[in-house]
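Raw query22.pdb, PDB, C-alpha atoms, pLDDT in the B column:
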ATOM      1  CA  MET N  75      -3.063   1.213  12.125  1.00 43.00           C
ATOM      2  CA  LYS N  76      -1.494   3.346   9.376  1.00 47.00           C
ATOM      3  CA  LYS N  77      -3.307   6.498  10.541  1.00 47.00           C
ATOM      4  CA  LEU N  78      -2.418   5.822  14.201  1.00 41.00           C
ATOM      5  CA  PHE N  79       1.241   5.355  13.251  1.00 43.00           C
ATOM      6  CA  GLY N  80       1.178   8.601  11.230  1.00 45.00           C
ATOM      7  CA  ILE N  81      -0.384  10.522  14.127  1.00 43.00           C
ATOM      8  CA  THR N  82       2.219   9.079  16.515  1.00 43.00           C
ATOM      9  CA  LEU N  83       5.035  10.176  14.193  1.00 41.00           C
ATOM     10  CA  LEU N  84       3.500  13.640  13.869  1.00 43.00           C
ATOM     11  CA  ALA N  85       3.320  13.947  17.653  1.00 43.00           C
ATOM     12  CA  LEU N  86       6.944  12.879  17.962  1.00 39.00           C
ATOM     13  CA  LEU N  87       8.078  15.367  15.335  1.00 41.00           C
ATOM     14  CA  LEU N  88       6.109  18.151  17.012  1.00 41.00           C
ATOM     15  CA  GLY N  89       7.983  17.444  20.228  1.00 44.00           C
ATOM     16  CA  LEU N  90      11.332  17.348  18.440  1.00 39.00           C
ATOM     17  CA  SER N  91      10.594  20.545  16.517  1.00 40.00           C
ATOM     18  CA  GLY N  92      10.237  22.502  19.734  1.00 40.00           C
ATOM     19  CA  ALA N  93       6.618  23.380  19.045  1.00 41.00           C
ATOM     20  CA  ARG N  94       5.056  25.079  22.048  1.00 38.00           C
ATOM     21  CA  SER N  95       1.658  25.882  20.660  1.00 38.00           C
ATOM     22  CA  GLY N  96      -0.466  23.911  23.109  1.00 38.00           C
ATOM     23  CA  PHE N  97      -0.910  20.720  21.044  1.00 37.00           C
ATOM     24  CA  SER N  98      -1.752  17.720  23.173  1.00 36.00           C
ATOM     25  CA  ALA N  99      -1.945  14.020  22.443  1.00 36.00           C
ATOM     26  CA  SER N 100      -5.308  14.563  20.754  1.00 36.00           C
ATOM     27  CA  PHE N 101      -4.836  17.261  18.150  1.00 34.00           C
ATOM     28  CA  THR N 102      -7.262  20.099  17.752  1.00 43.00           C
ATOM     29  CA  PRO N 103      -8.673  20.508  14.245  1.00 52.00           C
ATOM     30  CA  THR N 104      -6.126  21.784  11.757  1.00 84.00           C
ATOM     31  CA  THR N 105      -7.172  24.655   9.536  1.00 89.00           C
ATOM     32  CA  CYS N 106      -5.970  24.912   5.942  1.00 90.00           C
ATOM     33  CA  PRO N 107      -3.373  27.689   5.735  1.00 88.00           C
ATOM     34  CA  THR N 108      -4.000  30.989   3.952  1.00 87.00           C
ATOM     35  CA  ASN N 109      -1.415  33.158   2.182  1.00 88.00           C
ATOM     36  CA  TYR N 110       1.219  30.525   2.887  1.00 88.00           C
ATOM     37  CA  SER N 111       3.915  28.864   0.777  1.00 89.00           C
ATOM     38  CA  CYS N 112       6.330  26.171   1.871  1.00 90.00           C
ATOM     39  CA  SER N 113       8.895  23.665   0.641  1.00 91.00           C
ATOM     40  CA  VAL N 114       8.002  19.997   1.138  1.00 91.00           C
ATOM     41  CA  THR N 115      10.482  17.272   2.052  1.00 91.00           C
ATOM     42  CA  ALA N 116       9.341  13.789   3.064  1.00 90.00           C
ATOM     43  CA  ALA N 117      10.738  10.271   3.083  1.00 90.00           C
ATOM     44  CA  GLY N 118       9.504   6.772   3.736  1.00 85.00           C
ATOM     45  CA  SER N 119       9.693   3.159   2.671  1.00 80.00           C
ATOM     46  CA  ARG N 120       7.310   0.612   1.269  1.00 71.00           C
ATOM     47  CA  PRO N 121       5.724  -1.731   3.796  1.00 70.00           C
ATOM     48  CA  LEU N 122       6.901  -5.287   4.362  1.00 70.00           C
ATOM     49  CA  THR N 123       3.921  -7.131   2.912  1.00 69.00           C
ATOM     50  CA  GLY N 124       5.566  -9.983   1.012  1.00 69.00           C
ATOM     51  CA  HIS N 125       5.873  -8.185  -2.352  1.00 70.00           C
ATOM     52  CA  ALA N 126       8.970  -7.710  -4.516  1.00 72.00           C
ATOM     53  CA  ASN N 127       9.127  -3.987  -3.728  1.00 66.00           C
ATOM     54  CA  ASP N 128       9.080  -4.396   0.089  1.00 70.00           C
ATOM     55  CA  GLY N 129      11.320  -1.900   1.841  1.00 73.00           C
ATOM     56  CA  HIS N 130      11.986   0.192  -1.255  1.00 79.00           C
ATOM     57  CA  PRO N 131      12.677   3.857  -0.420  1.00 84.00           C
ATOM     58  CA  SER N 132      10.421   6.749  -1.322  1.00 84.00           C
ATOM     59  CA  SER N 133      11.117  10.476  -1.135  1.00 89.00           C
ATOM     60  CA  ILE N 134       9.003  13.548  -1.868  1.00 90.00           C
ATOM     61  CA  VAL N 135      10.069  17.137  -2.609  1.00 93.00           C
ATOM     62  CA  GLY N 136       8.003  20.045  -3.828  1.00 92.00           C
ATOM     63  CA  VAL N 137       6.323  23.354  -3.129  1.00 93.00           C
ATOM     64  CA  LEU N 138       2.849  24.021  -1.723  1.00 92.00           C
ATOM     65  CA  SER N 139       1.236  27.436  -2.021  1.00 92.00           C
ATOM     66  CA  PHE N 140      -2.094  28.456  -0.456  1.00 91.00           C
ATOM     67  CA  ASP N 141      -3.865  31.685  -1.467  1.00 91.00           C
ATOM     68  CA  ALA N 142      -6.133  33.853   0.695  1.00 91.00           C
ATOM     69  CA  SER N 143      -9.000  31.347   0.240  1.00 92.00           C
ATOM     70  CA  SER N 144      -6.811  28.271   0.954  1.00 90.00           C
ATOM     71  CA  ASN N 145      -6.822  27.304  -2.744  1.00 92.00           C
ATOM     72  CA  LEU N 146      -3.795  25.111  -3.311  1.00 91.00           C
ATOM     73  CA  SER N 147      -1.208  25.189  -6.101  1.00 93.00           C
ATOM     74  CA  GLY N 148       2.346  23.936  -6.506  1.00 93.00           C
ATOM     75  CA  PHE N 149       4.099  20.720  -7.503  1.00 93.00           C
ATOM     76  CA  LEU N 150       5.495  17.501  -6.066  1.00 92.00           C
ATOM     77  CA  ALA N 151       8.223  15.163  -7.300  1.00 92.00           C
ATOM     78  CA  ILE N 152       8.001  11.650  -5.867  1.00 88.00           C
ATOM     79  CA  ASN N 153      10.962   9.262  -6.174  1.00 88.00           C
ATOM     80  CA  ASN N 154       9.921   5.643  -5.612  1.00 82.00           C
ATOM     81  CA  ASN N 155      13.043   3.473  -5.614  1.00 82.00           C
ATOM     82  CA  GLY N 156      14.709   5.520  -8.359  1.00 86.00           C
ATOM     83  CA  THR N 157      11.638   6.183 -10.499  1.00 87.00           C
ATOM     84  CA  VAL N 158      10.692   9.868 -10.356  1.00 91.00           C
ATOM     85  CA  SER N 159       7.171  11.121 -11.056  1.00 89.00           C
ATOM     86  CA  THR N 160       6.205  14.797 -11.023  1.00 92.00           C
ATOM     87  CA  PHE N 161       2.775  16.169 -10.225  1.00 91.00           C
ATOM     88  CA  ASP N 162       1.200  19.582 -10.816  1.00 92.00           C
ATOM     89  CA  LEU N 163      -1.095  20.312  -7.874  1.00 90.00           C
ATOM     90  CA  THR N 164      -3.633  22.217  -9.976  1.00 86.00           C
ATOM     91  CA  GLY N 165      -7.040  21.127  -8.747  1.00 86.00           C
ATOM     92  CA  ALA N 166      -5.785  19.872  -5.377  1.00 92.00           C
ATOM     93  CA  THR N 167      -8.038  20.510  -2.409  1.00 94.00           C
ATOM     94  CA  CYS N 168      -7.307  21.282   1.213  1.00 94.00           C
ATOM     95  CA  VAL N 169      -9.840  20.191   3.824  1.00 93.00           C
ATOM     96  CA  SER N 170      -9.495  21.487   7.378  1.00 92.00           C
ATOM     97  CA  GLY N 171      -9.555  18.901  10.135  1.00 90.00           C
ATOM     98  CA  THR N 172     -12.693  18.667  12.259  1.00 85.00           C
ATOM     99  CA  GLY N 173     -13.716  16.603  15.240  1.00 80.00           C
ATOM    100  CA  GLY N 174     -10.148  15.672  16.136  1.00 81.00           C
ATOM    101  CA  ASN N 175      -9.238  14.615  12.571  1.00 86.00           C
ATOM    102  CA  LEU N 176      -6.125  15.888  10.828  1.00 90.00           C
ATOM    103  CA  GLY N 177      -6.353  18.277   7.890  1.00 92.00           C
ATOM    104  CA  GLN N 178      -6.050  16.715   4.442  1.00 93.00           C
ATOM    105  CA  ILE N 179      -4.550  17.632   1.078  1.00 93.00           C
ATOM    106  CA  ASP N 180      -6.122  15.590  -1.705  1.00 92.00           C
ATOM    107  CA  PHE N 181      -5.569  15.475  -5.455  1.00 89.00           C
ATOM    108  CA  THR N 182      -5.794  13.122  -8.391  1.00 85.00           C
ATOM    109  CA  THR N 183      -2.912  12.588 -10.820  1.00 82.00           C
ATOM    110  CA  ALA N 184      -3.368  12.923 -14.589  1.00 79.00           C
ATOM    111  CA  ALA N 185      -3.477   9.104 -14.687  1.00 80.00           C
ATOM    112  CA  GLY N 186      -6.434   9.136 -12.284  1.00 82.00           C
ATOM    113  CA  HIS N 187      -4.604   7.943  -9.152  1.00 80.00           C
ATOM    114  CA  PRO N 188      -5.472   9.668  -5.869  1.00 84.00           C
ATOM    115  CA  LEU N 189      -2.708  11.113  -3.685  1.00 86.00           C
ATOM    116  CA  VAL N 190      -3.697  12.058  -0.139  1.00 89.00           C
ATOM    117  CA  PHE N 191      -1.641  13.686   2.617  1.00 90.00           C
ATOM    118  CA  ASP N 192      -2.733  14.328   6.198  1.00 92.00           C
ATOM    119  CA  PHE N 193      -1.283  17.429   7.836  1.00 92.00           C
ATOM    120  CA  VAL N 194      -1.075  19.403  11.040  1.00 90.00           C
ATOM    121  CA  THR N 195       0.333  22.894  11.418  1.00 87.00           C
ATOM    122  CA  TYR N 196       2.647  24.048  14.166  1.00 82.00           C
ATOM    123  CA  ALA N 197       4.071  27.317  15.478  1.00 75.00           C
ATOM    124  CA  THR N 198       7.847  27.716  15.418  1.00 69.00           C
ATOM    125  CA  GLY N 199       8.014  30.034  18.399  1.00 65.00           C
ATOM    126  CA  VAL N 200       9.567  32.841  16.347  1.00 62.00           C
ATOM    127  CA  GLY N 201       6.394  34.154  14.723  1.00 59.00           C
ATOM    128  CA  GLY N 202       6.289  31.606  11.918  1.00 68.00           C
ATOM    129  CA  GLY N 203       4.849  28.188  11.385  1.00 77.00           C
ATOM    130  CA  GLY N 204       5.161  24.966   9.472  1.00 83.00           C
ATOM    131  CA  MET N 205       3.226  21.898   8.410  1.00 88.00           C
ATOM    132  CA  LEU N 206       3.961  18.277   9.188  1.00 90.00           C
ATOM    133  CA  ILE N 207       2.638  15.920   6.512  1.00 89.00           C
ATOM    134  CA  ALA N 208       2.059  12.161   6.357  1.00 88.00           C
ATOM    135  CA  ASP N 209       1.146  10.088   3.309  1.00 84.00           C
ATOM    136  CA  ALA N 210      -2.448   8.908   3.694  1.00 81.00           C
ATOM    137  CA  THR N 211      -2.939   7.588   0.150  1.00 78.00           C
ATOM    138  CA  PRO N 212      -5.035   4.391   0.114  1.00 69.00           C
ATOM    139  CA  ASN N 213      -2.910   1.214  -0.059  1.00 62.00           C
ATOM    140  CA  SER N 214      -4.604   0.044  -3.238  1.00 54.00           C
ATOM    141  CA  THR N 215      -3.029   2.925  -5.177  1.00 47.00           C
ATOM    142  CA  ASN N 216       0.251   3.570  -3.390  1.00 48.00           C
ATOM    143  CA  GLY N 217       2.313   1.072  -1.414  1.00 51.00           C
ATOM    144  CA  THR N 218       4.195   3.768   0.494  1.00 48.00           C
ATOM    145  CA  GLU N 219       2.541   3.207   3.845  1.00 58.00           C
ATOM    146  CA  VAL N 220       5.006   5.226   5.889  1.00 69.00           C
ATOM    147  CA  ALA N 221       6.075   8.588   4.474  1.00 81.00           C
ATOM    148  CA  ILE N 222       6.333  11.588   6.734  1.00 87.00           C
ATOM    149  CA  GLY N 223       7.833  15.016   6.253  1.00 89.00           C
ATOM    150  CA  ASP N 224       7.774  18.723   6.814  1.00 88.00           C
ATOM    151  CA  CYS N 225       6.689  21.753   4.810  1.00 87.00           C
ATOM    152  CA  ARG N 226       8.571  24.867   5.894  1.00 84.00           C
ATOM    153  CA  PRO N 227       8.209  28.394   4.605  1.00 81.00           C
ATOM    154  CA  ALA N 228      11.148  29.745   2.664  1.00 65.00           C
ATOM    155  CA  ALA N 229      13.432  32.040   4.606  1.00 60.00           C
ATOM    156  CA  ALA N 230      13.655  35.651   3.528  1.00 52.00           C
ATOM    157  CA  PRO N 231      16.486  36.192   1.039  1.00 51.00           C
ATOM    158  CA  PRO N 232      19.601  37.663   2.628  1.00 49.00           C
ATOM    159  CA  THR N 233      20.189  41.357   2.235  1.00 50.00           C
ATOM    160  CA  LEU N 234      23.579  42.259   0.814  1.00 53.00           C
TER     161      LEU N 234
END

For the structure just supplied, provide its representation as structure tokens.
Amino acid sequence: MKKLFGITLLALLLGLSGARSGFSASFTPTTCPTNYSCSVTAAGSRPLTGHANDGHPSSIVGVLSFDASSNLSGFLAINNNGTVSTFDLTGATCVSGTGGNLGQIDFTTAAGHPLVFDFVTYATGVGGGGMLIADATPNSTNGTEVAIGDCRPAAAPPTL
């Protein structure tokens, strides 16, 4: 259910973003980017499961950078209801989607907790592209069932 909801939200955001790259309701495999850096922003809330932290907000900001071999580096800051945790993405992996599955960014925190994000890339129509991301971390380690966001490349600095 969580994955279906995430895919539905990704499809909705693709439509709202004006993407015209030929995506259909069933996504084609998503390839890990190369030579690409972007700024991440995402938000969500904890599920309503009868726990004290139900409905608490969660937000994510950070930077992802992929080299020519799709090796991933960067950082994330995750704010769960006012408690901020920062993560160095050293050692994170990117796995391209196959067989209709979304691509996946996967890493383990210093405390040993997995963090997993599904992604799909899209064309902006002006020669660039972006990534839509959805939290796919297993429930047993992270109660943020619904977190979705965007990773957009930085604009070129203005010339003065």

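Applied to the file shown here, the PyMOL selection byres ((chain N and resi 206) around 6) selects Phe193, Val194, Met205, Ile207, Gly223 and Asp224 of chain N.
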
List the residues matched by the PyMOL selection byres ((chain N and resi 127-141) around 9) in the displayed structure as a ChimeraX atom specification, ordered by chain and then by residue number. /N:106-126,142-156,163,217-218,221,223,225

Students should find that CA of Asp162 in chain N and CA of Ala185 in chain N are spaced 12.1 Å

List, as number ranges by chain, every residue that the PyMOL selection byres ((chain N and resi 183) around 12) selects in the file provided. N: 149-151, 159-166, 180-182, 184-190, 215

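Note that the spacing between CA of Ala208 in chain N and CA of Gly177 in chain N amounts to 10.5 Å.
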